[in-house]
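Quick notes on the structure that follows.
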Amino acid sequence: MKGLLALLGLLAATTSPATAAAISFHNAALTQTNRNCDGSVIDPQLTKTFGTVELTRAGNQLVAVAVLLGGTPNKAYNVRLIQIKNGADVDCGKCDSGGGTLTTNNRGIGSTYVRQAVAPGVTAAWVDLNQKDNCDNFYTIAPLSIA
């Protein structure tokens with residue numbers, strides 16, 4: 001929680017009054033629903049939650065703060081922030097590398113944030129956490145509007 005508050009403070013301090021109105025906040029539950037790169041569901045859609053993601057757009061920056069609860073203990077997860085434009089992903093990336101890293105403690109709890117520039121024309125984004133040594137162990141949120 002302290003990390004989220006610090007991040008929000010940083011965004012507020014570095015955002016001009018003209019762009020302050022462009023800040024949007026969204027919160028979504030992490031589930032083990034598998035998704036295609038465009039964010040569409042690969043059945044079955046699962047609803048049990050394993051934490052949350054706070055997705056924030058401030059001007060041309062997109063920030064995702066992920067909190068994983070009940071993940072695999074003492075494991076590193078690759079955290080991808082996937083942007084959607086015209087119904088397709090901008091760059092889905094690899095499941096085991098190229099994103100941020102979230103490392104769980106001995107109780108399977110971890111948190112981190114990922115930040116990137118908003119690609120031109122992007123209207124939505126979603127987050128995917130994949131265990132780095134086993135991409136089949138994953139958590140996702142549904143795409144959220146960032147327009």
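FYI, nothing fancy with the structure tokens labels: chains A, B, ... in order, residues from 1 per chain, ligands from 1 as they appear.
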
Which of chain A DSSP labels alpha helix (DSSP H), written as number ranges by chain: A: 2-14, 17-20

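Summary of the local environment: counting only C-alpha atoms, residues at most 10 Å from Asp133 in chain A, other than itself and those fewer than 2 positions away along its chain, are Lys75, Ala76, Tyr77, Asn78, Cys95, Asp96, Ser97, Asn130, Gln131, Cys135, Asp136 and Asn137 of chain A.
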
Across A:Arg57, A:Gly99, A:Lys132, A:Ala125, the smallest distance to Ile23 in chain A, with only C-alpha atoms counted, is shown by A:Arg57

If you measure from CA of Val118 in chain A to CA of Ser145 in chain A, what distance in Å do you get, rounded to one decimal?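 Between CA of Val118 in chain A and CA of Ser145 in chain A the gap is 12.4 Å.
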
Excluding range 89-94 of chain A and its own-chain neighbours fewer than 5 positions away, which residues fall within 6 Å of it when counting only C-alpha atoms? Please give them as a PyMOL selection string. chain A and resi 37-38+82-84

Selection above as a file: N, CA and C atoms, as an mmCIF file, in the first residue's frame:
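Output below, filename again-v1.cif:
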```cif
data_model
loop_
_atom_site.group_PDB
_atom_site.id
_atom_site.type_symbol
_atom_site.label_atom_id
_atom_site.label_comp_id
_atom_site.auth_asym_id
_atom_site.auth_seq_id
_atom_site.Cartn_x
_atom_site.Cartn_y
_atom_site.Cartn_z
ATOM 1 N N CYS A 37 -3.524 -12.702 -26.482
ATOM 2 C CA CYS A 37 -2.804 -11.421 -26.393
ATOM 3 C C CYS A 37 -3.718 -10.211 -26.533
ATOM 4 N N ASP A 38 -4.859 -10.367 -27.205
ATOM 5 C CA ASP A 38 -5.798 -9.250 -27.325
ATOM 6 C C ASP A 38 -6.670 -9.093 -26.083
ATOM 7 N N ILE A 82 0.037 -5.085 -21.096
ATOM 8 C CA ILE A 82 -0.246 -5.294 -22.518
ATOM 9 C C ILE A 82 -1.293 -4.281 -22.970
ATOM 10 N N GLN A 83 -0.924 -3.458 -23.954
ATOM 11 C CA GLN A 83 -1.807 -2.424 -24.462
ATOM 12 C C GLN A 83 -2.567 -2.934 -25.687
ATOM 13 N N ILE A 84 -3.821 -2.451 -25.835
ATOM 14 C CA ILE A 84 -4.712 -2.886 -26.906
ATOM 15 C C ILE A 84 -5.066 -1.691 -27.791
#
```

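Taking only C-alpha atoms, the non-local environment of Arg115 in chain A within 9 Å (same-chain residues fewer than 6 positions away omitted) comprises Gln61, Leu62, Val63, Ala64, Val65, Leu81 and Gly100 of chain A.
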
Please produce a file of the residues just selected, as an mmCIF file, in the first residue's frame, where the atoms kept are all heavy atoms.
```
data_model
loop_
_atom_site.group_PDB
_atom_site.id
_atom_site.type_symbol
_atom_site.label_atom_id
_atom_site.label_comp_id
_atom_site.auth_asym_id
_atom_site.auth_seq_id
_atom_site.Cartn_x
_atom_site.Cartn_y
_atom_site.Cartn_z
ATOM 1 N N GLN A 61 1.596 8.263 -19.690
ATOM 2 C CA GLN A 61 2.169 7.169 -18.900
ATOM 3 C C GLN A 61 1.071 6.233 -18.413
ATOM 4 O O GLN A 61 -0.003 6.675 -18.005
ATOM 5 C CB GLN A 61 2.934 7.718 -17.688
ATOM 6 C CG GLN A 61 4.209 8.439 -18.046
ATOM 7 C CD GLN A 61 5.241 7.471 -18.616
ATOM 8 O OE1 GLN A 61 5.586 6.468 -18.008
ATOM 9 N NE2 GLN A 61 5.729 7.774 -19.806
ATOM 10 N N LEU A 62 1.379 4.954 -18.469
ATOM 11 C CA LEU A 62 0.486 3.923 -17.977
ATOM 12 C C LEU A 62 1.226 3.171 -16.880
ATOM 13 O O LEU A 62 2.356 2.736 -17.088
ATOM 14 C CB LEU A 62 0.106 2.983 -19.121
ATOM 15 C CG LEU A 62 -0.994 1.977 -18.881
ATOM 16 C CD1 LEU A 62 -2.287 2.677 -18.488
ATOM 17 C CD2 LEU A 62 -1.211 1.169 -20.156
ATOM 18 N N VAL A 63 0.593 3.048 -15.709
ATOM 19 C CA VAL A 63 1.223 2.392 -14.560
ATOM 20 C C VAL A 63 0.280 1.319 -14.034
ATOM 21 O O VAL A 63 -0.910 1.571 -13.839
ATOM 22 C CB VAL A 63 1.534 3.401 -13.437
ATOM 23 C CG1 VAL A 63 2.176 2.697 -12.246
ATOM 24 C CG2 VAL A 63 2.422 4.523 -13.943
ATOM 25 N N ALA A 64 0.837 0.138 -13.811
ATOM 26 C CA ALA A 64 0.082 -0.951 -13.192
ATOM 27 C C ALA A 64 0.768 -1.333 -11.892
ATOM 28 O O ALA A 64 1.964 -1.628 -11.877
ATOM 29 C CB ALA A 64 0.022 -2.157 -14.121
ATOM 30 N N VAL A 65 0.017 -1.296 -10.793
ATOM 31 C CA VAL A 65 0.503 -1.734 -9.492
ATOM 32 C C VAL A 65 -0.181 -3.070 -9.209
ATOM 33 O O VAL A 65 -1.408 -3.124 -9.079
ATOM 34 C CB VAL A 65 0.186 -0.714 -8.384
ATOM 35 C CG1 VAL A 65 0.668 -1.223 -7.033
ATOM 36 C CG2 VAL A 65 0.801 0.639 -8.707
ATOM 37 N N LEU A 81 2.480 -5.545 -19.002
ATOM 38 C CA LEU A 81 1.429 -4.555 -19.174
ATOM 39 C C LEU A 81 1.159 -4.523 -20.678
ATOM 40 O O LEU A 81 1.987 -4.048 -21.452
ATOM 41 C CB LEU A 81 1.905 -3.200 -18.652
ATOM 42 C CG LEU A 81 0.978 -2.015 -18.751
ATOM 43 C CD1 LEU A 81 -0.399 -2.324 -18.196
ATOM 44 C CD2 LEU A 81 1.586 -0.833 -18.018
ATOM 45 N N GLY A 100 8.132 -6.456 -15.998
ATOM 46 C CA GLY A 100 8.624 -6.221 -14.648
ATOM 47 C C GLY A 100 8.711 -7.547 -13.901
ATOM 48 O O GLY A 100 8.324 -8.592 -14.431
#
```

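The interatomic distance for the pair CA of Ala124 in chain A and CA of Lys85 in chain A works out to 7.1 Å.
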
Interatomic distance between CA of Ala66 in chain A and CA of Leu46 in chain A?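 Separation of CA of Ala66 in chain A and CA of Leu46 in chain A: 18.4 Å.
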
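Of the listed residues (A:Ser40, A:Thr52, A:Thr103, A:Gln45), A:Thr52 comes nearest to Ala28 in chain A; the distances count only C-alpha atoms.
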
Could you pull the residues within 12 Å of Asn105 in chain A, counting only C-alpha atoms, minus those fewer than 6 positions along the same chain, as a PyMOL selection string? chain A and resi 68-77+111

Which residues are close to Ser24 in chain A, i.e. within 10 Å by only C-alpha atoms, leaving aside same-chain residues fewer than 3 positions away? Reply as a list in words. Ala20, Ala21, Leu55, Thr56, Arg57, Ala58, Gly59, Leu62, Ser145, Ile146 and Ala147 of chain A

Expected file contents, prior selection, all heavy atoms, as a PDB file, in the first residue's frame:
```pdb
ATOM      1  N   ALA A  20      -3.636  16.833 -15.295  1.00  0.00           N
ATOM      2  CA  ALA A  20      -4.197  16.197 -14.102  1.00  0.00           C
ATOM      3  C   ALA A  20      -5.593  15.663 -14.371  1.00  0.00           C
ATOM      4  O   ALA A  20      -5.983  14.622 -13.858  1.00  0.00           O
ATOM      5  CB  ALA A  20      -4.218  17.184 -12.937  1.00  0.00           C
ATOM      6  N   ALA A  21      -6.356  16.357 -15.209  1.00  0.00           N
ATOM      7  CA  ALA A  21      -7.695  15.898 -15.538  1.00  0.00           C
ATOM      8  C   ALA A  21      -7.657  14.615 -16.360  1.00  0.00           C
ATOM      9  O   ALA A  21      -8.658  13.918 -16.460  1.00  0.00           O
ATOM     10  CB  ALA A  21      -8.444  16.993 -16.298  1.00  0.00           C
ATOM     11  N   LEU A  55      -4.655   0.054 -12.203  1.00  0.00           N
ATOM     12  CA  LEU A  55      -4.153   0.546 -13.485  1.00  0.00           C
ATOM     13  C   LEU A  55      -4.437   2.036 -13.563  1.00  0.00           C
ATOM     14  O   LEU A  55      -5.573   2.470 -13.371  1.00  0.00           O
ATOM     15  CB  LEU A  55      -4.840  -0.191 -14.634  1.00  0.00           C
ATOM     16  CG  LEU A  55      -4.306   0.050 -16.032  1.00  0.00           C
ATOM     17  CD1 LEU A  55      -2.863  -0.443 -16.149  1.00  0.00           C
ATOM     18  CD2 LEU A  55      -5.171  -0.657 -17.062  1.00  0.00           C
ATOM     19  N   THR A  56      -3.399   2.809 -13.806  1.00  0.00           N
ATOM     20  CA  THR A  56      -3.506   4.268 -13.812  1.00  0.00           C
ATOM     21  C   THR A  56      -2.909   4.825 -15.085  1.00  0.00           C
ATOM     22  O   THR A  56      -1.815   4.426 -15.486  1.00  0.00           O
ATOM     23  CB  THR A  56      -2.740   4.861 -12.610  1.00  0.00           C
ATOM     24  OG1 THR A  56      -3.238   4.277 -11.420  1.00  0.00           O
ATOM     25  CG2 THR A  56      -2.892   6.360 -12.550  1.00  0.00           C
ATOM     26  N   ARG A  57      -3.641   5.741 -15.711  1.00  0.00           N
ATOM     27  CA  ARG A  57      -3.102   6.482 -16.852  1.00  0.00           C
ATOM     28  C   ARG A  57      -3.020   7.941 -16.444  1.00  0.00           C
ATOM     29  O   ARG A  57      -3.993   8.537 -15.996  1.00  0.00           O
ATOM     30  CB  ARG A  57      -3.982   6.355 -18.085  1.00  0.00           C
ATOM     31  CG  ARG A  57      -3.414   7.149 -19.244  1.00  0.00           C
ATOM     32  CD  ARG A  57      -4.212   7.040 -20.500  1.00  0.00           C
ATOM     33  NE  ARG A  57      -3.563   7.815 -21.549  1.00  0.00           N
ATOM     34  CZ  ARG A  57      -3.896   7.762 -22.810  1.00  0.00           C
ATOM     35  NH1 ARG A  57      -4.873   6.961 -23.199  1.00  0.00           N
ATOM     36  NH2 ARG A  57      -3.268   8.492 -23.699  1.00  0.00           N
ATOM     37  N   ALA A  58      -1.819   8.501 -16.595  1.00  0.00           N
ATOM     38  CA  ALA A  58      -1.596   9.918 -16.329  1.00  0.00           C
ATOM     39  C   ALA A  58      -0.917  10.489 -17.563  1.00  0.00           C
ATOM     40  O   ALA A  58       0.272  10.277 -17.779  1.00  0.00           O
ATOM     41  CB  ALA A  58      -0.732  10.113 -15.099  1.00  0.00           C
ATOM     42  N   GLY A  59      -1.707  11.160 -18.388  1.00  0.00           N
ATOM     43  CA  GLY A  59      -1.158  11.682 -19.635  1.00  0.00           C
ATOM     44  C   GLY A  59      -0.689  10.551 -20.525  1.00  0.00           C
ATOM     45  O   GLY A  59      -1.460   9.671 -20.883  1.00  0.00           O
ATOM     46  N   LEU A  62       1.379   4.954 -18.469  1.00  0.00           N
ATOM     47  CA  LEU A  62       0.486   3.923 -17.977  1.00  0.00           C
ATOM     48  C   LEU A  62       1.226   3.171 -16.880  1.00  0.00           C
ATOM     49  O   LEU A  62       2.356   2.736 -17.088  1.00  0.00           O
ATOM     50  CB  LEU A  62       0.106   2.983 -19.121  1.00  0.00           C
ATOM     51  CG  LEU A  62      -0.994   1.977 -18.881  1.00  0.00           C
ATOM     52  CD1 LEU A  62      -2.287   2.677 -18.488  1.00  0.00           C
ATOM     53  CD2 LEU A  62      -1.211   1.169 -20.156  1.00  0.00           C
ATOM     54  N   SER A 145     -10.431  -0.040 -20.004  1.00  0.00           N
ATOM     55  CA  SER A 145     -10.373   1.139 -20.852  1.00  0.00           C
ATOM     56  C   SER A 145      -9.394   2.159 -20.278  1.00  0.00           C
ATOM     57  O   SER A 145      -9.428   2.454 -19.081  1.00  0.00           O
ATOM     58  CB  SER A 145     -11.758   1.775 -20.972  1.00  0.00           C
ATOM     59  OG  SER A 145     -11.675   3.005 -21.653  1.00  0.00           O
ATOM     60  N   ILE A 146      -8.524   2.692 -21.121  1.00  0.00           N
ATOM     61  CA  ILE A 146      -7.599   3.743 -20.681  1.00  0.00           C
ATOM     62  C   ILE A 146      -7.748   4.992 -21.530  1.00  0.00           C
ATOM     63  O   ILE A 146      -6.948   5.910 -21.454  1.00  0.00           O
ATOM     64  CB  ILE A 146      -6.132   3.266 -20.684  1.00  0.00           C
ATOM     65  CG1 ILE A 146      -5.694   2.871 -22.085  1.00  0.00           C
ATOM     66  CG2 ILE A 146      -5.941   2.143 -19.707  1.00  0.00           C
ATOM     67  CD1 ILE A 146      -4.208   2.768 -22.247  1.00  0.00           C
ATOM     68  N   ALA A 147      -8.765   5.017 -22.378  1.00  0.00           N
ATOM     69  CA  ALA A 147      -8.972   6.159 -23.289  1.00  0.00           C
ATOM     70  C   ALA A 147      -9.450   7.372 -22.539  1.00  0.00           C
ATOM     71  O   ALA A 147      -9.966   7.318 -21.480  1.00  0.00           O
ATOM     72  CB  ALA A 147      -9.964   5.787 -24.392  1.00  0.00           C
TER      73      ALA A 147
END
```

Picked from chain A by DSSP as strand (DSSP E), as an MDAnalysis selection string: chainID A and resid 24:29 34:35 41:42 51:58 61:68 76:85 88:89 100:103 110:117 124:131 134:140 144:145

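Of the listed residues A:Ile42, A:Leu102, A:Ile109, A:Val79, the one whose atoms come nearest to Trp126 in chain A is A:Val79, with distances taken using only C-alpha atoms.
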